[in-house]
Amino acid sequence: MAQFKRVKRNINGVLLLDKPLGFSSNQALQKVKWLFQAAKAGHTGTLDPLATGLLPICLGEATKFAQYVTDADKTYIATVKFGETTTTGDAEGEVLARHPVDFDLKKLAAVCDAFVGEISQVPPMYSALKFEGKALYEYAREGVDIERQARLVTITSIQMDSFANEIAVLTVSCSKGTYIRTLAEDIGHQLGCGAHLIGLRRTETAGYIIEDAITLEALELLVKETPVEKLAKLILPMDSAIAYLPKLVLNADAAHYLMLGQAVWQSGLIPEGELRLYDDKNQFLGLGVLQEDGKIAPKRLMRDPNTVQNKG
């Protein structure tokens with residue numbers, strides 16, 4: 001019997017996925033890539049299998065800007081259980097110790113406030129960070145403890161949503177690289193009773209919000225009922241991934257030479273640093289940067305600006 005290969009399609013843009021429980025970020029990515037028959041795709045920051053929530057998937061040319069989403073600040077809803085510590089810092093691990101919980105809401109709020117700002121964090125052993133080419137969690141499973149260097153992260157805010165029966169729900173806004181498991185453990189340590197994470201949901205990153213995301217289950221049903229080529233309405237434009245950068249519209253000549261890989265002049269006051277670049281028809285060209293000599297140099301350009309935009 002003849003076997004038919006799925007035709008891979010050049011889809012360009014960003015899909016906001018609500019990652020389900022139990023899926024790794026890569027498993028979710030591969031599922032989306034398969035459903036859309038996309039030739040190229042990449043995710044924008046790992047969520048553990050026990051975590052759910054916002055996972056922007058960059059398709060096609062949008063993968064050129066995936067790192068900008070990965071590097072953006074993020075917001076999580078964290079569910080923390082006090083009085084128990086575990087081997088992994090979350091509900092997957094075995095309980096190491098139990099302690100009585102005798103603090104009040106005022107004390108919890110004060111301790112949380114103390115973690116707002118730039119703090120030093122030691123990455124957990126049960127993490128995907130690499131040491132000599134091997135993930136730390138692999139060493140941890142073998143009973144080997146690797147010395148980790150503390151690093152600075154920024155906690156923008158910690159909001160107390162609820163606290164009852166030794167369980168607190170916190171909304172945490174933070175910089176990239178922040179381990180919420182470690183934050184939960186550190187808060188528990190300061191309170192003298194220990195803590196671990198029992199739930200984590202990412203709700204915001206790079207200006208994207210969870211309310212605009214689609215679940216994997218809903219996406220699968222939609223793909224069954226709708227031809228893939230008509231699902232463009234789910235795909236956000238690529239420039240949404242760098243929407244926080246200043247926008248600059250180039251004249252026709254400047255746009256032409258920029259797309260040839262040349263640094264160009266543009267009249268007017270130009271913001272310093274990286275820029276979202278467009279032609280005089282408001283077609284997204286890519287990313288550029290203002291040089292010291294006043295010229296705008298290309299940094300990441302679209303392969304074909306006339307075809308990359310997906311519009312629903």
# chains A, B, ... in the order shown; residues from 1 in each chain; ligands from 1

$ residues_around --residues "stretch 279-282 of chain A" --least-positions-apart "2" --cutoff "8 Å" --atoms "only C-alpha atoms" --output "number ranges by chain"
A: 249-252, 255, 277, 284-285

$ closest_atom_pairs --of "stretch 196-238 of chain A" --to "stretch 87-99 of chain A" --cutoff "9 Å" --atoms "only C-alpha atoms" --output "CSV"
residue,atom,partner,partner_atom,distance
A:His196,CA,A:Gly89,CA,5.0
A:Leu197,CA,A:Asp90,CA,4.4
A:Ile198,CA,A:Ala91,CA,5.1
A:Gly199,CA,A:Ala91,CA,8.0

$ write_last_selection --atoms "N, CA and C atoms" --output "CSV table (one decimal), in the first residue's frame"
chain,number,residue,atom,x,y,z
A,196,HIS,N,6.6,23.8,48.9
A,196,HIS,CA,6.8,23.4,47.5
A,196,HIS,C,5.7,23.8,46.6
A,197,LEU,N,6.0,23.7,45.3
A,197,LEU,CA,5.0,24.2,44.3
A,197,LEU,C,4.1,23.0,44.0
A,198,ILE,N,2.8,23.3,44.0
A,198,ILE,CA,1.8,22.2,43.6
A,198,ILE,C,1.0,22.6,42.3
A,199,GLY,N,1.3,23.8,41.9
A,199,GLY,CA,0.6,24.2,40.6
A,199,GLY,C,1.2,25.4,40.0

$ residues_around --residues "A:Lys295" --least-positions-apart "2" --cutoff "7 Å" --atoms "only C-alpha atoms" --output "PyMOL selection string"
chain A and resi 263-265+290-291+293+297

$ select_by_dssp --residues "stretch 2-238 of chain A" --states "strand (DSSP E or B)" --output "number ranges by chain"
A: 9, 13-19, 38, 41-43, 51-59, 74-82, 84-86, 90, 95-98, 117-121, 130-131, 134-135, 151-164, 167-174, 195-205, 208-209, 214-215, 236

$ write_last_selection --atoms "C-alpha atoms" --output "short mmCIF file (atom, residue, chain, number, x, y, z; two decimals), in the first residue's frame"
data_model
loop_
_atom_site.label_atom_id
_atom_site.label_comp_id
_atom_site.auth_asym_id
_atom_site.auth_seq_id
_atom_site.Cartn_x
_atom_site.Cartn_y
_atom_site.Cartn_z
CA ARG A 9 3.50 24.25 4.60
CA GLY A 13 3.40 33.90 12.55
CA VAL A 14 2.75 33.24 16.22
CA LEU A 15 0.21 30.85 17.71
CA LEU A 16 -0.71 31.39 21.36
CA LEU A 17 -1.12 27.95 22.91
CA ASP A 18 -2.53 27.15 26.33
CA LYS A 19 -0.20 24.24 27.13
CA ALA A 38 4.22 23.56 9.41
CA ALA A 41 8.34 25.90 14.36
CA GLY A 42 9.85 26.76 17.72
CA HIS A 43 8.59 27.51 21.23
CA ALA A 51 2.92 23.59 34.44
CA THR A 52 0.16 24.86 32.18
CA GLY A 53 -0.57 28.07 30.38
CA LEU A 54 0.72 30.48 27.79
CA LEU A 55 3.25 29.03 25.36
CA PRO A 56 3.71 31.16 22.23
CA ILE A 57 4.64 28.97 19.26
CA CYS A 58 6.62 30.69 16.52
CA LEU A 59 5.96 29.32 13.05
CA LYS A 74 6.60 36.67 32.45
CA THR A 75 3.66 36.34 34.83
CA TYR A 76 2.62 33.13 36.60
CA ILE A 77 -0.08 31.97 38.96
CA ALA A 78 1.73 29.79 41.50
CA THR A 79 0.00 27.48 43.97
CA VAL A 80 2.27 26.87 46.96
CA LYS A 81 1.82 24.31 49.73
CA PHE A 82 3.50 25.22 53.00
CA GLU A 84 6.36 20.29 53.30
CA THR A 85 9.57 20.23 51.30
CA THR A 86 10.16 17.79 48.44
CA ASP A 90 7.27 20.59 43.38
CA VAL A 95 8.45 14.57 50.68
CA LEU A 96 11.69 15.32 52.51
CA ALA A 97 10.37 16.95 55.66
CA ARG A 98 7.19 18.24 57.29
CA GLY A 117 13.20 43.30 43.38
CA GLU A 118 16.51 41.89 42.21
CA ILE A 119 17.29 38.69 44.09
CA SER A 120 19.89 35.93 43.95
CA GLN A 121 18.60 32.47 43.03
CA LYS A 130 23.16 21.72 31.27
CA PHE A 131 26.40 20.73 32.98
CA LYS A 134 24.01 16.77 30.44
CA ALA A 135 20.81 18.15 32.01
CA ARG A 151 22.32 34.17 39.49
CA LEU A 152 20.41 37.41 39.67
CA VAL A 153 16.76 37.53 38.64
CA THR A 154 14.13 40.21 39.12
CA ILE A 155 10.76 39.72 40.80
CA THR A 156 8.58 42.62 39.66
CA SER A 157 5.65 41.81 41.94
CA ILE A 158 4.09 39.10 44.09
CA GLN A 159 0.34 39.40 44.55
CA MET A 160 -1.49 37.40 47.21
CA ASP A 161 -4.60 35.87 45.61
CA SER A 162 -5.65 33.53 48.41
CA PHE A 163 -4.38 31.67 51.48
CA ALA A 164 -6.23 28.84 53.18
CA ILE A 167 -1.98 26.65 50.54
CA ALA A 168 -1.36 30.05 48.98
CA VAL A 169 -2.12 31.18 45.43
CA LEU A 170 0.32 33.86 44.29
CA THR A 171 0.55 35.86 41.07
CA VAL A 172 4.22 36.42 40.31
CA SER A 173 5.65 38.73 37.64
CA CYS A 174 9.33 38.18 37.00
CA ALA A 195 7.14 24.83 50.98
CA HIS A 196 6.84 23.35 47.54
CA LEU A 197 5.01 24.18 44.35
CA ILE A 198 1.84 22.21 43.60
CA GLY A 199 0.59 24.19 40.61
CA LEU A 200 1.95 26.65 38.07
CA ARG A 201 0.24 28.49 35.24
CA ARG A 202 1.85 31.06 32.96
CA THR A 203 -0.58 33.85 32.11
CA GLU A 204 1.50 36.49 30.33
CA THR A 205 4.71 36.95 28.39
CA TYR A 208 0.72 38.13 25.05
CA ILE A 209 -1.98 37.05 27.50
CA ILE A 214 -6.19 28.30 22.44
CA THR A 215 -6.04 24.93 24.16
CA LEU A 236 -0.74 36.42 14.94
#

$ closest_residue --among "A:Leu47, A:Ala66, A:Ile296, A:Met238" --to "A:Gly273" --atoms "only C-alpha atoms"
A:Ile296

$ residues_around --residues "A:Ile242" --least-positions-apart "5" --cutoff "12 Å" --atoms "only C-alpha atoms" --output "list in words"
Gly13, Val14, Ala62, Thr63, Lys64, Phe65, Ala66, Gln67, Tyr68, Val69, Thr70, Asp71, Ala72, Thr205, Ala206, Gly207, Tyr208, Leu236, Pro237, Lys247, Glu274, Leu275, Arg276, Leu277, Phe284, Gly286, Leu287, Gly288 and Arg300 of chain A

$ residues_around --residues "A:Glu147" --least-positions-apart "2" --cutoff "9 Å" --atoms "only C-alpha atoms" --output "PyMOL selection string"
chain A and resi 125+145+149

$ residues_around --residues "A:Glu217" --least-positions-apart "2" --cutoff "12 Å" --atoms "only C-alpha atoms" --output "short mmCIF file (atom, residue, chain, number, x, y, z; two decimals) with C-alpha atoms, in the first residue's frame"
data_model
loop_
_atom_site.label_atom_id
_atom_site.label_comp_id
_atom_site.auth_asym_id
_atom_site.auth_seq_id
_atom_site.Cartn_x
_atom_site.Cartn_y
_atom_site.Cartn_z
CA LEU A 17 -1.12 27.95 22.91
CA ASP A 18 -2.53 27.15 26.33
CA LYS A 19 -0.20 24.24 27.13
CA PRO A 20 -1.96 21.36 28.84
CA LEU A 21 -0.88 19.56 31.99
CA ALA A 28 3.22 20.62 22.66
CA LYS A 31 1.82 18.56 18.17
CA VAL A 32 1.10 22.09 16.91
CA LEU A 35 -1.53 19.88 13.19
CA ALA A 213 -4.55 31.46 23.76
CA ILE A 214 -6.19 28.30 22.44
CA THR A 215 -6.04 24.93 24.16
CA LEU A 219 -7.08 23.31 18.31
CA GLU A 220 -7.33 19.62 17.45
CA LEU A 221 -11.12 19.87 17.11
CA LEU A 222 -10.84 22.99 14.98
CA VAL A 223 -8.29 21.41 12.66
CA LYS A 224 -10.62 18.43 12.15
#

$ atom_distance --atom1 "atom CA of A:Asp239" --atom2 "atom CA of A:Asp48"
26.9 Å

$ select_by_dssp --residues "stretch 24-185 of chain A" --states "helix (DSSP H, G or I)" --output "JSON, numbers by chain"
{"A": [25, 26, 27, 28, 29, 30, 31, 32, 33, 34, 35, 36, 60, 61, 62, 63, 64, 65, 66, 67, 68, 69, 70, 105, 106, 107, 108, 109, 110, 111, 112, 113, 114, 136, 137, 138, 139, 140, 141, 180, 181, 182, 183, 184, 185]}
